[in-house]
Amino acid sequence: MTVVPDSLTLGSLRVDTPVVLAPMAGITNAAYRRLCAEQGAGLYVSEMITSRGLVEGDEVTRKMLTFDDLETVRSVQLYGTDPVYIGKAVEILCAEHGVAHVDLNFGCPVPKVTRKGGGGALPWKRGLLAEVLEHAVAAATPYDVPVTMKTRKGLDDDHLTYLDAGRIAQESGVAAIALHGRTVQQAYSGEADWDAIAALVDHVDIPVLGNGDIWEAADAVRMVEQTGAAGVVVGRGCLGRPWLFRDLAAAFHGEDVATLPVLGEVKAMMRRHAELLSEHMGEERGCKEFRKHITWYLKGFPAGGELRHQLALVDSLASLDALLAGLDDAAPFPERELGTPRGRQGAPRKKVVLPDGWLDDTDGRGAHLREDVDETTGG
């Protein structure tokens with residue numbers, strides 16, 4: 001059986017627990033990253049930003065590049081299809097923003113991204129993938145900043161790309177590759193294929209991070225044991241449960257996983273989350289941003305429909321406090337929710353939306369399409 005690692009090394013960067021927070025649009029902002037980091041060690045990656053938006057000075061992109069004062073290791077996920085833009089963006093991140101780790105997104109399944117040949121579509125073009133990675137690594141190397149990449153198994157079961165992507169990543173000097181064990185066509189539906197993660201581990205010498213269906217700390221340990229992965233990437237499993245990172249840190253260090261929080265402890269976490277959002281965005285906007293998290297925090301707990309409705313309209317910390325007071329502090333954690341999917345799932349896509357003629361060749365050097373400035377999602 002595979003020895004479970006207690007840390008992760010990415011080039012010159014050492015992470016005290018082999019756990020990475022997956023970038024999630026509208027979720028993993030500076031406040032949420034701070035909240036998760038308060039729970040346990042790991043690498044907390046920003047929301048995805050576009051290389052074009054960064055290079056061209058887009059205001060929305062610039063605002064997304066916000067870090068908490070206590071965020072000592074700045075990690076950013078970058079999206080793009082143009083090798084030159086990617087290289088320039090990486091240099092800006094390293095030289096002007098003190099970023100210690102850059103992750104490149106080749107996993108996003110959203111049609112508006114794959115339609116432009118980006119995200120999960122790009123690895124089909126092996127030559128273009130190599131160009132992008134080589135430009136990124138070349139830009140980051142003078143700053144001793146590791147570059148990693150995230151990808152999926154492929155476009156669909158008939159167009160798999162992950163083994164080639166791993167080989168190209170290794171040849172390009174990438175520090176690690178994360179694999180989401182689903183195809184672009186699957187999006188977030190069905191089950192993640194951990195066997196594919198194990199196959200990639202056997203195929204490359206660089207660290208492989210496993211992603212997909214990690215709902216509890218025990219899932220993360222099981223994934224590493226089954227696949228030989230060097231660590232895990234956690235996305236939807238932490239929605240409404242930032243304490244999952246505390247459990248993950250304990251599990252990877254061979255300690256007992258923390259007991260499940262009662263509703264009073266969850267209330268305190270909710271209040272802390274809203275407070276951090278308010279500090280970063282201002283109280284009204286911060287509380288409005290917090291609304292989307294309420295359903296996740298209260299999933300399975302006793303809370304009446306009217307109270308949930310009022311919480312979904314919260315616009316100040318005072319109103320949040322008043323509403324939270326209506327919840328039963330002693331209510332136990334709903335154990336039936338353990339191990340169940342959280343966040344988006346949906347159905348598989350009927351087909352992957354690609355540029356015309358995208359499948360005609362597998363090289364694609366010089367074939368990149370211009371991405372939109374505001375393509376902000378995850379994969």
# chains A, B, ... in the order shown; residues from 1 in each chain; ligands from 1
>>> residues_around(residues="Tyr297 in chain A", least_positions_apart="5", cutoff="9 Å", atoms="only C-alpha atoms", output="list in words")
Leu239, Gly240, Arg241, Val266, Lys267, Met269 and Met270 of chain A
>>> write_last_selection(atoms="C-alpha atoms", output="PDB file, in the first residue's frame")
ATOM      1  CA  LEU A 239     -18.405  24.219   0.108  1.00  0.00           C
ATOM      2  CA  GLY A 240     -20.041  25.226   3.365  1.00  0.00           C
ATOM      3  CA  ARG A 241     -17.414  23.154   5.200  1.00  0.00           C
ATOM      4  CA  VAL A 266     -21.271  26.104  12.059  1.00  0.00           C
ATOM      5  CA  LYS A 267     -22.964  29.416  12.937  1.00  0.00           C
ATOM      6  CA  MET A 269     -17.967  29.699  10.971  1.00  0.00           C
ATOM      7  CA  MET A 270     -20.699  31.395   8.949  1.00  0.00           C
TER       8      MET A 270
END
>>> select_by_dssp(residues="range 144-319 of chain A", states="strand (DSSP E)", output="count of residues only")
19
>>> residues_around(residues="range 310-317 of chain A", least_positions_apart="5", cutoff="12 Å", atoms="only C-alpha atoms", output="ChimeraX atom specification")
/A:270-279,282-298,303-305,322-327
>>> closest_residue(among="A:Ala268, A:Ala121, A:Ala95, A:Leu21", to="Val184 in chain A", atoms="only C-alpha atoms")
A:Ala121
>>> residues_around(residues="Ala187 in chain A", least_positions_apart="4", cutoff="12 Å", atoms="only C-alpha atoms", output="ChimeraX atom specification")
/A:107-111,114,119-120,152-156,180-183,191-192,212,344-352,378-379
>>> write_last_selection(atoms="C-alpha atoms", output="CSV table (one decimal), in the first residue's frame")
chain,number,residue,atom,x,y,z
A,107,GLY,CA,-9.6,21.5,-17.2
A,108,CYS,CA,-12.5,24.0,-17.5
A,109,PRO,CA,-15.5,22.3,-19.2
A,110,VAL,CA,-17.7,25.4,-19.7
A,111,PRO,CA,-18.8,25.8,-23.3
A,114,THR,CA,-14.0,25.2,-24.8
A,119,GLY,CA,-9.7,25.0,-20.7
A,120,GLY,CA,-10.3,21.2,-21.1
A,152,ARG,CA,-9.1,16.4,-17.2
A,153,LYS,CA,-9.0,12.9,-18.7
A,154,GLY,CA,-9.8,14.3,-22.2
A,155,LEU,CA,-12.7,15.7,-24.3
A,156,ASP,CA,-14.7,12.5,-23.9
A,180,HIS,CA,-9.6,15.7,-12.5
A,181,GLY,CA,-10.8,12.2,-13.1
A,182,ARG,CA,-13.6,13.2,-15.4
A,183,THR,CA,-13.8,14.2,-19.1
A,191,GLU,CA,-18.1,9.5,-10.7
A,192,ALA,CA,-14.5,10.5,-10.9
A,212,GLY,CA,-12.6,14.4,-8.0
A,344,ARG,CA,-22.9,21.6,-8.9
A,345,GLN,CA,-23.4,18.2,-10.5
A,346,GLY,CA,-25.7,18.3,-13.5
A,347,ALA,CA,-25.8,15.9,-16.4
A,348,PRO,CA,-23.2,15.0,-19.0
A,349,ARG,CA,-23.0,17.3,-22.0
A,350,LYS,CA,-24.5,15.9,-25.2
A,351,LYS,CA,-21.3,17.0,-26.9
A,352,VAL,CA,-18.3,19.1,-26.2
A,378,GLY,CA,-12.7,26.6,-13.0
A,379,GLY,CA,-12.4,23.0,-13.9
>>> select_by_dssp(residues="range 156-202 of chain A", states="helix (DSSP H, G or I)", output="count of residues only")
20
>>> closest_residue(among="A:Val145, A:Val132, A:Val19, A:Ala230", to="Val76 in chain A", atoms="only C-alpha atoms")
A:Val145
>>> residues_around(residues="Asn105 in chain A", least_positions_apart="3", cutoff="12 Å", atoms="only C-alpha atoms", output="PyMOL selection string")
chain A and resi 22-24+45-51+76-81+86+102+108-109+113-114+118-123+129+132-133+147-152+177-180+375-379
>>> residues_around(residues="Asp195 in chain A", least_positions_apart="6", cutoff="10 Å", atoms="only C-alpha atoms", output="list in words")
Gly181, Val201, Met223, Gln226 and Thr227 of chain A
>>> atom_distance(atom1="CA of Val233 in chain A", atom2="CA of Glu265 in chain A")
25.4 Å
>>> closest_residue(among="A:Leu359, A:Ala331, A:Val232, A:Leu260", to="Pro5 in chain A", atoms="only C-alpha atoms")
A:Val232
>>> closest_residue(among="A:Val208, A:Phe245, A:Thr61, A:Ser75", to="Gly42 in chain A", atoms="only C-alpha atoms")
A:Phe245
>>> closest_residue(among="A:Gly264, A:Gly343, A:Ala37, A:Val73", to="Ala330 in chain A", atoms="only C-alpha atoms")
A:Gly264
>>> closest_residue(among="A:Gln186, A:Thr66, A:Val137, A:His159", to="Ser172 in chain A", atoms="only C-alpha atoms")
A:Val137
